[in-house]
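Data from protein-v4.cif: mmCIF, C-alpha atoms
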data_upload
#
loop_
_atom_site.label_atom_id
_atom_site.label_comp_id
_atom_site.auth_asym_id
_atom_site.auth_seq_id
_atom_site.Cartn_x
_atom_site.Cartn_y
_atom_site.Cartn_z
CA MET A 1 0.00 0.00 0.00
CA TYR A 2 1.12 3.57 -0.17
CA SER A 3 3.84 4.37 2.27
CA GLY A 4 2.33 6.60 4.90
CA ALA A 5 3.88 10.02 4.80
CA GLY A 6 4.20 12.43 7.63
CA GLY A 7 5.04 9.93 10.33
CA GLY A 8 1.51 9.72 11.63
CA ASP A 9 0.94 13.45 11.59
CA GLY A 10 -2.08 12.90 9.38
CA SER A 11 -4.00 12.11 12.53
CA MET A 12 -3.54 15.68 13.71
CA PHE A 13 -5.68 16.87 10.87
CA ALA A 14 -8.14 14.02 11.15
CA GLY A 15 -9.26 15.36 14.49
CA GLY A 16 -11.21 18.09 12.70
CA GLY A 17 -14.27 15.90 12.68
CA PHE A 18 -15.17 16.44 9.04
CA MET A 19 -12.61 14.07 7.56
CA PRO A 20 -13.74 10.79 6.01
CA SER A 21 -12.73 7.83 8.14
CA GLN A 22 -9.10 7.06 7.67
CA SER A 23 -9.04 3.57 6.27
CA GLN A 24 -5.65 2.12 5.43
CA ALA A 25 -6.45 2.30 1.74
CA ASN A 26 -7.10 5.99 1.94
CA ASP A 27 -4.13 7.02 4.01
CA PHE A 28 -2.25 9.22 1.65
CA GLY A 29 0.23 11.87 2.59
CA GLY A 30 -0.03 14.33 5.38
CA GLY A 31 -3.48 15.36 4.29
CA GLY A 32 -4.99 12.53 6.28
CA GLY A 33 -7.39 10.39 4.31
CA ARG A 34 -7.93 12.54 1.25
CA ARG A 35 -6.63 11.88 -2.23
CA SER A 36 -5.29 15.02 -3.81
CA GLY A 37 -7.29 16.32 -6.73
CA SER A 38 -10.33 14.17 -5.96
CA GLN A 39 -13.50 15.18 -4.16
CA ASN A 40 -12.56 16.63 -0.82
CA SER A 41 -15.21 16.31 1.83
CA GLY A 42 -12.95 17.45 4.62
CA LEU A 43 -12.40 20.78 6.32
CA LEU A 44 -9.81 23.28 5.15
CA PRO A 45 -8.39 25.90 7.51
CA LEU A 46 -7.72 28.98 5.41
CA THR A 47 -6.77 32.63 5.50
CA ALA A 48 -8.36 35.46 3.54
CA LYS A 49 -5.16 35.70 1.49
CA MET A 50 -5.36 32.04 0.46
CA ILE A 51 -9.00 32.47 -0.49
CA SER A 52 -8.13 35.44 -2.69
CA GLN A 53 -5.53 33.24 -4.41
CA ALA A 54 -7.83 30.25 -4.81
CA ILE A 55 -8.27 29.08 -8.37
CA GLN A 56 -11.73 28.80 -9.83
CA LYS A 57 -11.94 26.79 -13.02
CA PRO A 58 -14.26 28.19 -15.68
CA SER A 59 -15.82 24.77 -16.17
CA ASP A 60 -17.01 24.24 -12.64
CA GLU A 61 -18.02 26.16 -9.57
CA ASN A 62 -15.39 24.65 -7.33
CA PHE A 63 -12.49 26.56 -5.87
CA TYR A 64 -9.07 24.98 -5.58
CA VAL A 65 -6.44 25.79 -2.98
CA ASP A 66 -3.06 24.05 -3.15
CA GLY A 67 -4.56 21.62 -5.62
CA VAL A 68 -7.34 20.54 -3.30
CA ASP A 69 -10.95 21.38 -3.99
CA VAL A 70 -12.45 23.62 -1.35
CA ASN A 71 -15.56 22.43 0.43
CA ASN A 72 -15.93 23.21 4.11
CA VAL A 73 -13.66 25.98 5.32
CA THR A 74 -12.78 27.44 8.67
CA LEU A 75 -11.33 30.85 9.44
CA VAL A 76 -10.52 32.83 12.56
CA GLY A 77 -10.56 36.61 12.66
CA MET A 78 -11.95 39.82 14.00
CA VAL A 79 -15.48 40.98 13.23
CA HIS A 80 -15.93 44.35 11.53
CA ASP A 81 -18.89 46.22 10.04
CA LYS A 82 -21.47 43.84 11.35
CA GLU A 83 -24.88 44.24 9.74
CA GLU A 84 -27.97 42.58 11.01
CA ARG A 85 -30.89 42.17 8.69
CA ALA A 86 -34.14 40.29 8.92
CA THR A 87 -32.83 37.48 6.75
CA ASP A 88 -29.18 37.31 7.72
CA VAL A 89 -26.23 38.67 9.62
CA SER A 90 -23.15 39.66 7.66
CA PHE A 91 -19.78 41.09 8.61
CA GLN A 92 -16.25 41.51 7.39
CA LEU A 93 -13.81 39.05 8.90
CA ASP A 94 -10.32 40.46 9.35
CA ASP A 95 -7.85 37.64 9.95
CA THR A 96 -4.60 39.67 9.71
CA THR A 97 -4.10 38.63 6.07
CA GLY A 98 -7.08 40.51 4.70
CA GLN A 99 -10.82 40.88 4.96
CA ILE A 100 -13.56 38.64 3.63
CA GLU A 101 -17.30 38.96 3.84
CA VAL A 102 -19.06 36.36 5.97
CA LYS A 103 -22.79 35.90 5.82
CA ARG A 104 -24.96 33.75 8.05
CA TRP A 105 -28.58 33.19 7.20
CA SER A 106 -30.84 33.66 10.16
CA VAL A 107 -32.74 30.66 11.42
CA LEU A 108 -34.68 32.16 14.28
CA LEU A 109 -34.41 35.86 14.99
CA THR A 110 -34.25 35.35 18.76
CA LEU A 111 -31.59 32.66 18.50
CA LEU A 112 -29.58 34.87 16.20
CA ALA A 113 -29.66 37.85 18.52
CA HIS A 114 -28.21 35.73 21.25
CA HIS A 115 -25.41 34.37 19.09
CA SER A 116 -24.75 37.51 17.11
CA PRO A 117 -21.06 38.37 16.98
CA TRP A 118 -19.97 41.81 18.15
CA ASN A 119 -17.66 44.16 16.30
CA PHE A 120 -13.98 43.88 17.28
CA THR A 121 -14.44 40.41 18.73
CA TYR A 122 -12.59 37.38 17.50
CA VAL A 123 -14.68 34.55 16.10
CA ARG A 124 -14.20 31.12 14.58
CA VAL A 125 -16.16 30.71 11.36
CA HIS A 126 -17.13 27.44 9.69
CA GLY A 127 -18.81 27.61 6.31
CA HIS A 128 -18.65 27.30 2.56
CA LEU A 129 -16.73 29.43 0.12
CA ARG A 130 -18.94 31.09 -2.43
CA SER A 131 -18.61 33.62 -5.21
CA PHE A 132 -21.24 36.26 -5.88
CA GLN A 133 -20.87 38.78 -8.68
CA GLY A 134 -17.17 38.07 -8.83
CA LYS A 135 -16.68 38.68 -5.14
CA ARG A 136 -15.71 35.79 -2.86
CA ASN A 137 -17.48 35.37 0.43
CA ILE A 138 -18.19 32.79 3.07
CA VAL A 139 -21.65 31.48 3.80
CA ALA A 140 -21.24 30.43 7.41
CA PHE A 141 -23.12 27.73 9.25
CA SER A 142 -21.25 28.39 12.48
CA VAL A 143 -19.90 31.60 13.97
CA ARG A 144 -18.54 31.10 17.46
CA PRO A 145 -16.74 33.64 19.66
CA ILE A 146 -13.16 32.79 20.63
CA THR A 147 -12.64 32.51 24.36
CA ASP A 148 -9.15 31.05 24.56
CA PHE A 149 -6.91 33.11 22.30
CA ASN A 150 -4.45 30.29 21.89
CA GLU A 151 -7.03 29.12 19.36
CA LEU A 152 -5.84 31.97 17.14
CA THR A 153 -2.28 30.71 17.23
CA PHE A 154 -3.53 27.17 16.69
CA HIS A 155 -5.59 28.11 13.64
CA PHE A 156 -2.73 29.78 11.81
CA LEU A 157 -0.37 26.95 12.61
CA GLU A 158 -2.96 24.53 11.27
CA VAL A 159 -3.24 26.64 8.12
CA ILE A 160 0.52 26.32 7.60
CA TYR A 161 0.50 22.60 8.37
CA VAL A 162 -2.31 21.77 5.94
CA HIS A 163 -0.90 24.09 3.28
CA LEU A 164 2.44 22.29 3.40
CA SER A 165 0.79 18.86 3.51
CA ASN A 166 -1.26 19.61 0.41
CA ILE A 167 1.73 20.95 -1.47
CA ARG A 168 3.69 17.85 -0.58
CA ALA A 169 0.81 15.61 -1.64
CA GLN A 170 0.89 17.37 -4.99
CA GLY A 171 4.52 16.31 -5.25
CA GLY A 172 5.45 19.95 -5.65
CA THR A 173 8.65 21.58 -4.60
CA ALA A 174 7.02 24.97 -4.17
CA ALA A 175 7.43 26.58 -0.79
CA ALA A 176 9.81 23.93 0.44
CA PRO A 177 11.76 25.89 3.04
CA THR A 178 15.50 26.00 2.75
CA HIS A 179 16.28 26.58 6.39
CA ALA A 180 14.81 26.04 9.81
CA ALA A 181 12.53 29.01 10.05
CA THR A 182 12.07 28.78 13.77
CA ALA A 183 14.93 29.68 16.00
CA GLY A 184 14.86 27.84 19.24
CA VAL A 185 12.24 25.45 20.43
CA GLY A 186 10.10 26.47 23.32
CA PRO A 187 8.36 24.05 25.61
CA HIS A 188 5.22 24.39 23.58
CA GLY A 189 7.24 24.31 20.38
CA ILE A 190 5.72 23.22 17.11
CA ALA A 191 7.32 19.86 17.53
CA THR A 192 6.78 18.42 14.10
CA ILE A 193 8.15 21.44 12.31
CA ALA A 194 10.69 23.12 14.51
CA THR A 195 12.62 20.40 16.24
CA ASN A 196 13.69 18.29 13.30
CA PRO A 197 16.69 19.84 11.51
CA SER A 198 15.61 18.36 8.20
CA HIS A 199 12.08 19.01 9.27
CA TYR A 200 10.27 18.99 5.98
CA ASN A 201 11.66 15.67 4.92
CA GLN A 202 9.16 14.02 7.15
CA TYR A 203 6.37 14.94 4.79
CA LEU A 204 7.98 12.87 2.08
CA PRO A 205 7.34 9.15 2.02
CA PRO A 206 10.21 7.53 3.93
CA ALA A 207 11.34 5.70 0.83
CA SER A 208 14.37 4.16 2.45
CA ALA A 209 12.34 2.79 5.32
CA MET A 210 9.85 0.90 3.19
CA VAL A 211 10.55 -2.23 1.23
CA GLY A 212 10.40 -1.18 -2.42
CA GLY A 213 9.83 2.42 -1.35
CA ASN A 214 10.58 3.50 -4.87
CA VAL A 215 7.60 1.48 -6.04
CA ASP A 216 5.27 3.24 -3.59
CA GLU A 217 6.50 6.63 -4.76
CA CYS A 218 5.93 5.59 -8.38
CA GLN A 219 2.41 4.34 -7.63
CA LYS A 220 1.57 7.49 -5.74
CA ARG A 221 2.75 9.78 -8.50
CA VAL A 222 1.02 7.78 -11.23
CA HIS A 223 -2.16 7.87 -9.19
CA MET A 224 -1.86 11.63 -8.79
CA ILE A 225 -1.55 12.06 -12.53
CA PHE A 226 -4.82 10.18 -13.02
CA GLU A 227 -6.47 12.26 -10.30
CA GLU A 228 -5.66 15.61 -11.83
CA PRO A 229 -8.78 17.56 -12.86
CA GLU A 230 -7.58 17.69 -16.47
CA SER A 231 -7.18 13.91 -16.55
CA LEU A 232 -10.63 13.34 -15.11
CA LEU A 233 -12.14 15.37 -17.92
CA ILE A 234 -10.78 13.18 -20.74
CA GLU A 235 -13.41 10.58 -21.57
CA GLN A 236 -11.07 7.77 -22.60
CA GLY A 237 -8.58 8.61 -19.91
CA LEU A 238 -4.82 8.59 -20.36
CA HIS A 239 -2.62 6.34 -22.48
CA ILE A 240 0.18 4.54 -20.63
CA ASP A 241 2.71 6.41 -22.78
CA GLN A 242 1.25 9.76 -21.80
CA VAL A 243 1.68 8.89 -18.16
CA ALA A 244 5.16 7.44 -18.71
CA GLN A 245 6.20 10.65 -20.45
CA ARG A 246 5.38 12.61 -17.32
CA MET A 247 7.02 10.13 -14.97
CA VAL A 248 10.55 11.34 -15.42
CA GLY A 249 13.03 8.99 -13.81
CA TYR A 250 10.80 5.94 -14.06
CA SER A 251 10.73 3.34 -16.85
CA ARG A 252 7.63 2.54 -18.88
CA GLN A 253 7.60 -0.89 -17.27
CA GLN A 254 7.52 0.65 -13.80
CA VAL A 255 4.66 2.90 -14.83
CA LYS A 256 2.80 -0.07 -16.34
CA GLU A 257 3.22 -2.01 -13.10
CA ALA A 258 2.04 0.96 -11.07
CA ILE A 259 -1.08 1.21 -13.23
CA GLU A 260 -1.74 -2.51 -12.82
CA PHE A 261 -1.49 -2.09 -9.09
CA LEU A 262 -3.93 0.82 -9.18
CA VAL A 263 -6.35 -1.26 -11.26
CA ASN A 264 -6.20 -4.07 -8.71
CA GLU A 265 -6.91 -1.64 -5.92
CA GLY A 266 -9.83 -0.18 -7.83
CA PHE A 267 -8.42 3.32 -8.28
CA VAL A 268 -8.26 3.24 -12.09
CA TYR A 269 -9.89 1.17 -14.79
CA SER A 270 -9.17 0.47 -18.45
CA THR A 271 -11.34 2.26 -20.97
CA ILE A 272 -11.22 1.91 -24.77
CA ASP A 273 -8.34 -0.58 -24.78
CA ASP A 274 -5.65 -2.08 -22.56
CA ASP A 275 -3.48 0.96 -22.90
CA HIS A 276 -5.97 3.58 -21.79
CA TYR A 277 -6.85 4.08 -18.16
CA LYS A 278 -8.97 6.45 -16.17
CA SER A 279 -9.51 7.18 -12.50
CA THR A 280 -12.59 5.61 -10.92
CA ASN A 281 -13.16 8.95 -9.25
CA ALA A 282 -14.34 10.74 -12.37
CA MET B 1 -12.57 39.40 -4.37
CA THR B 2 -11.49 39.35 -0.79
CA ASP B 3 -9.76 42.52 0.29
CA THR B 4 -6.11 41.77 0.93
CA CYS B 5 -4.65 45.20 0.31
CA ASN B 6 -4.50 46.12 3.96
CA PRO B 7 -3.09 43.17 5.87
CA ARG B 8 -1.82 43.44 9.42
CA PRO B 9 0.78 40.68 9.70
CA MET B 10 1.54 39.05 13.03
CA VAL B 11 4.99 40.12 14.21
CA ASN B 12 7.38 40.07 17.14
CA ALA B 13 9.74 42.87 18.14
CA GLY B 14 12.49 41.64 15.86
CA LEU B 15 10.23 41.95 12.82
CA LEU B 16 9.02 45.48 13.58
CA LYS B 17 11.79 47.15 11.62
CA LYS B 18 10.64 45.25 8.54
CA TYR B 19 7.24 46.94 8.73
CA LEU B 20 8.09 50.52 9.63
CA GLY B 21 5.13 52.74 8.94
CA ARG B 22 2.87 49.78 8.25
CA ARG B 23 0.06 48.20 10.15
CA VAL B 24 0.92 45.08 12.15
CA THR B 25 -0.47 42.83 14.83
CA THR B 26 1.33 41.63 17.91
CA VAL B 27 0.56 40.36 21.40
CA VAL B 28 2.13 42.13 24.33
CA LYS B 29 2.64 40.92 27.89
CA VAL B 30 1.81 44.06 29.82
CA PHE B 31 4.42 45.34 32.28
CA ARG B 32 3.13 48.79 32.87
CA SER B 33 0.23 50.80 31.59
CA ASP B 34 -0.45 54.46 32.30
CA GLY B 35 -2.73 56.94 30.59
CA ALA B 36 -1.06 57.29 27.24
CA ASP B 37 1.47 54.51 27.02
CA LEU B 38 1.80 50.83 27.54
CA VAL B 39 5.12 49.10 28.07
CA GLY B 40 5.28 45.38 27.59
CA GLN B 41 7.11 42.37 26.34
CA ALA B 42 6.74 41.32 22.72
CA PRO B 43 6.46 37.61 21.84
CA ASP B 44 10.24 37.32 21.41
CA GLY B 45 10.89 38.76 24.86
CA ILE B 46 11.98 42.21 23.75
CA SER B 47 10.43 45.20 25.45
CA ILE B 48 8.35 47.53 23.31
CA THR B 49 6.31 50.69 23.88
CA VAL B 50 2.78 51.09 22.67
CA ARG B 51 1.14 54.48 22.31
CA LYS B 52 -2.49 53.88 23.12
CA ALA B 53 -5.35 55.26 21.09
CA ALA B 54 -6.80 58.36 22.72
CA SER B 55 -10.26 56.88 22.95
CA SER B 56 -9.31 53.60 24.60
CA SER B 57 -10.05 53.27 28.26
CA ILE B 58 -10.53 49.55 28.75
CA THR B 59 -8.92 47.70 31.61
CA LEU B 60 -6.15 45.65 30.16
CA SER B 61 -5.60 42.00 30.91
CA HIS B 62 -2.18 40.39 31.34
CA PHE B 63 -1.84 39.81 27.59
CA VAL B 64 -3.10 42.31 25.05
CA GLU B 65 -3.22 42.08 21.30
CA VAL B 66 -2.22 45.33 19.70
CA VAL B 67 -3.12 46.21 16.13
CA GLY B 68 -1.36 49.37 15.08
CA VAL B 69 1.22 51.18 13.01
CA VAL B 70 4.93 50.67 13.56
CA GLU B 71 6.55 53.92 14.59
CA GLY B 72 10.00 52.71 15.50
CA GLU B 73 12.06 49.60 16.03
CA SER B 74 10.37 49.06 19.36
CA ALA B 75 7.41 51.40 19.20
CA LEU B 76 3.84 50.98 18.03
CA ARG B 77 0.95 53.37 17.75
CA ALA B 78 -2.08 51.32 18.69
CA GLU B 79 -5.38 51.40 16.81
CA ILE B 80 -7.13 48.44 18.40
CA CYS B 81 -6.27 46.74 21.67
CA THR B 82 -7.88 43.41 22.48
CA ASN B 83 -7.64 41.67 25.81
CA PHE B 84 -6.19 38.21 25.35
CA GLY B 85 -6.67 37.17 28.94
CA ASP B 86 -4.14 36.02 31.47
CA ALA B 87 -3.05 32.74 29.95
CA PHE B 88 -1.63 33.07 26.47
CA ASP B 89 1.22 31.02 25.03
CA MET B 90 3.75 33.62 23.84
CA VAL B 91 6.39 31.10 22.88
CA THR B 92 4.19 29.38 20.31
CA TYR B 93 2.84 32.72 19.09
CA ASN B 94 6.42 33.87 18.58
CA GLN B 95 7.18 30.80 16.49
CA LEU B 96 4.02 31.45 14.49
CA CYS B 97 5.27 35.00 13.79
CA GLN B 98 8.51 33.59 12.46
CA LEU B 99 6.80 30.93 10.34
CA ALA B 100 4.25 33.35 8.92
CA ASN B 101 6.86 35.90 7.96
CA CYS B 102 9.50 33.67 6.51
CA ASP B 103 8.82 30.53 4.53
CA ASN B 104 5.05 30.56 4.54
CA ARG B 105 4.55 34.18 3.58
CA ASP B 106 2.35 33.27 0.62
CA CYS B 107 -0.43 32.23 2.96
CA PHE B 108 -0.29 35.43 4.96
CA VAL B 109 1.16 38.53 3.44
#
Structure encoded using structure tokens:
Amino acid sequence: MYSGAGGGDGSMFAGGGFMPSQSQANDFGGGGGRRSGSQNSGLLPLTAKMISQAIQKPSDENFYVDGVDVNNVTLVGMVHDKEERATDVSFQLDDTTGQIEVKRWSVLLTLLAHHSPWNFTYVRVHGHLRSFQGKRNIVAFSVRPITDFNELTFHFLEVIYVHLSNIRAQGGTAAAPTHAATAGVGPHGIATIATNPSHYNQYLPPASAMVGGNVDECQKRVHMIFEEPESLLIEQGLHIDQVAQRMVGYSRQQVKEAIEFLVNEGFVYSTIDDDHYKSTNA
Amino acid sequence: MTDTCNPRPMVNAGLLKKYLGRRVTTVVKVFRSDGADLVGQAPDGISITVRKAASSSITLSHFVEVVGVVEGESALRAEICTNFGDAFDMVTYNQLCQLANCDNRDCFV
């Protein structure tokens, strides 16, 4: 099976409560139970800046951040310009990186008044990312005041953690840090990031530790190619040669074996002939 | 689009000089607070001075978040002060400041 990346850190993210159950077959990178590029039903901690940079494909309504499609999101920030209307409450959420509009439809007016956030208070927002007339906003289903401000620190650290996990799962080298950014490790130090001198290596599959680690890496990368949104759109899928062309450093035979493995596991299937394959996720 | 033209990055004292004249956010452990000024310890342990907004008159807790403009290498002019209570982990916040300003800037600034 895929070599588990992140040394078990995936469980940190799984505690969010919205993640699909982490079966062995789904354990994939530091993201914790979610295959990159496929339907994400988990929860993404984000900042306003990341939302402004999210990609929206013209063909669908989904947003993509770090290659992962955005579904449920959570943000933490300060409330500004709160407006209460009969139908909803809306405000600007300032999370130090920028401001984004958050709207929460009212359920019961009395309930809402009790839970209504005040200006200049910090809140935790859970909701969906939407776009209206070109402007991005959050439709929130939960707006909760922050009582322990360590939650602020936690949220931004989680944002960094998930951001790096998703980039690693994409196999990208972007944003890989070149030095230990944190000087000194406090007692509450960010253990998984700060203490390890080669700290970001732990997000890579420990190839040397696994038997045939190279094979796992090959399978993972081939799988990722099939899971890309562009690949999912092609009706007959991808030809083995197309995949092999992209798998620099691996032989065609290795790619063929990786595909056979993926077929056996039910992740891809053959389409028009024995050389064309497509992800079962499409 | 979300409005990201006026961010207020989280900083410690060491990062203040990088943002001279710009709006930042930091948490201060209050040593002393009189009418106009507040003296406290930034997340990295360095002492800084905060010039309070004229209108503010709230009682400050042990830890206060200050959003304001950097006036000097260890001076801030506060716009918003928020009480962060008496139990706030400055060490982790300091590491967050470093992470957010160095390698992971693309998520923040």
Find the residues of chain B in contact range of chain A, meaning any atom within 10 Å when counting all atoms listed in the file, and list them as a short mmCIF file (atom, residue, chain, number, x, y, z; two decimals) with C-alpha atoms, in the frame of the given file.
data_model
loop_
_atom_site.label_atom_id
_atom_site.label_comp_id
_atom_site.auth_asym_id
_atom_site.auth_seq_id
_atom_site.Cartn_x
_atom_site.Cartn_y
_atom_site.Cartn_z
CA MET B 1 -12.57 39.40 -4.37
CA THR B 2 -11.49 39.35 -0.79
CA ASP B 3 -9.76 42.52 0.29
CA THR B 4 -6.11 41.77 0.93
CA CYS B 5 -4.65 45.20 0.31
CA ASN B 6 -4.50 46.12 3.96
CA PRO B 7 -3.09 43.17 5.87
CA ARG B 8 -1.82 43.44 9.42
CA PRO B 9 0.78 40.68 9.70
CA MET B 10 1.54 39.05 13.03
CA ARG B 23 0.06 48.20 10.15
CA VAL B 24 0.92 45.08 12.15
CA THR B 25 -0.47 42.83 14.83
CA PHE B 63 -1.84 39.81 27.59
CA GLU B 65 -3.22 42.08 21.30
CA VAL B 67 -3.12 46.21 16.13
CA ILE B 80 -7.13 48.44 18.40
CA CYS B 81 -6.27 46.74 21.67
CA THR B 82 -7.88 43.41 22.48
CA ASN B 83 -7.64 41.67 25.81
CA PHE B 84 -6.19 38.21 25.35
CA GLY B 85 -6.67 37.17 28.94
CA ASP B 86 -4.14 36.02 31.47
CA ALA B 87 -3.05 32.74 29.95
CA PHE B 88 -1.63 33.07 26.47
CA ASP B 89 1.22 31.02 25.03
CA MET B 90 3.75 33.62 23.84
CA VAL B 91 6.39 31.10 22.88
CA THR B 92 4.19 29.38 20.31
CA TYR B 93 2.84 32.72 19.09
CA ASN B 94 6.42 33.87 18.58
CA GLN B 95 7.18 30.80 16.49
CA LEU B 96 4.02 31.45 14.49
CA CYS B 97 5.27 35.00 13.79
CA GLN B 98 8.51 33.59 12.46
CA LEU B 99 6.80 30.93 10.34
CA ALA B 100 4.25 33.35 8.92
CA ASN B 101 6.86 35.90 7.96
CA CYS B 102 9.50 33.67 6.51
CA ASP B 103 8.82 30.53 4.53
CA ASN B 104 5.05 30.56 4.54
CA ARG B 105 4.55 34.18 3.58
CA ASP B 106 2.35 33.27 0.62
CA CYS B 107 -0.43 32.23 2.96
CA PHE B 108 -0.29 35.43 4.96
CA VAL B 109 1.16 38.53 3.44
#
- Task: Would you translate the PyMOL selection byres ((chain A and resi 62-76) around 6) into the concrete set of residues it matches in this file, as a list in words?
- Result: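 That expression, the PyMOL selection byres ((chain A and resi 62-76) around 6), corresponds here to Ser36, Gly37, Asn40, Leu43, Leu44, Pro45, Leu46, Ala54, Ile55, Gln56, Asp60, Glu61, Gly77, Val123, Arg124, Val125, His126, Gly127, His128, Asn166 and Ile167 of chain A.
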- To one decimal place, how far is CA of Val263 (chain A) from CA of Val162 (chain A) in Å?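 Pair CA of Val263 (chain A) / CA of Val162 (chain A) returns 29.0 Å.
Between CA of Met247 (chain A) and CA of Ser270 (chain A) the separation is 19.2 Å.
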Just the residues within 12 Å of Lys17 (chain B), please, counting only C-alpha atoms, with nothing from its chain fewer than 4 positions along; format it as a compact mmCIF listing (two decimals) with C-alpha atoms, in the coordinates of the input.
# COMPACT_ATOMS: atom_id res chain seq x y z
CA VAL B 11 4.99 40.12 14.21
CA ASN B 12 7.38 40.07 17.14
CA ALA B 13 9.74 42.87 18.14
CA GLY B 21 5.13 52.74 8.94
CA ARG B 22 2.87 49.78 8.25
CA ARG B 23 0.06 48.20 10.15
CA VAL B 24 0.92 45.08 12.15
CA VAL B 69 1.22 51.18 13.01
CA VAL B 70 4.93 50.67 13.56
CA GLU B 71 6.55 53.92 14.59
CA GLY B 72 10.00 52.71 15.50
CA GLU B 73 12.06 49.60 16.03
CA SER B 74 10.37 49.06 19.36
CA ALA B 75 7.41 51.40 19.20
CA LEU B 76 3.84 50.98 18.03
- Message: Would you compute the distance between CA of Ala169 (chain A) and CA of Pro229 (chain A)? Give it in Å to one decimal.
- Response: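 Between these atoms lies a distance of 14.9 Å.
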- Task: Apply the PyMOL selection byres ((chain A and resi 220-223) around 9) to the structure shown and report the selected residues as a list of chain:residue names.
- Result: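 The output of the PyMOL selection byres ((chain A and resi 220-223) around 9) on this file is A:Tyr2, A:Ser3, A:Phe28, A:Gln170, A:Gly171, A:Val215, A:Asp216, A:Glu217, A:Cys218, A:Gln219, A:Met224, A:Ile225, A:Phe226, A:Glu227, A:Glu228, A:Val243, A:Ala244, A:Arg246, A:Met247, A:Val255, A:Ala258, A:Ile259, A:Leu262, A:Phe267, A:Val268, A:Ser279.
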- Query: Which residues come within 10 Å of Ala36 (chain B), counting all atoms listed in the file, excluding same-chain residues fewer than 2 positions away, as a VMD selection string?
  - Reply: chain B and resid 33 to 34 38 50 to 54 56 to 57
- Message: Using all atoms listed in the file, can you tell me which of B:Gly14, B:Thr49, B:Leu60, B:Gly68 comes closest to Asp37 (chain B)?
- Response: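 The shortest atom-to-atom distance to Asp37 (chain B) comes from B:Thr49.
Closest approach to Ile48 (chain B) among B:Leu20, B:Lys29, B:Glu79, B:Gly35 is made by B:Lys29 (distances from only C-alpha atoms).
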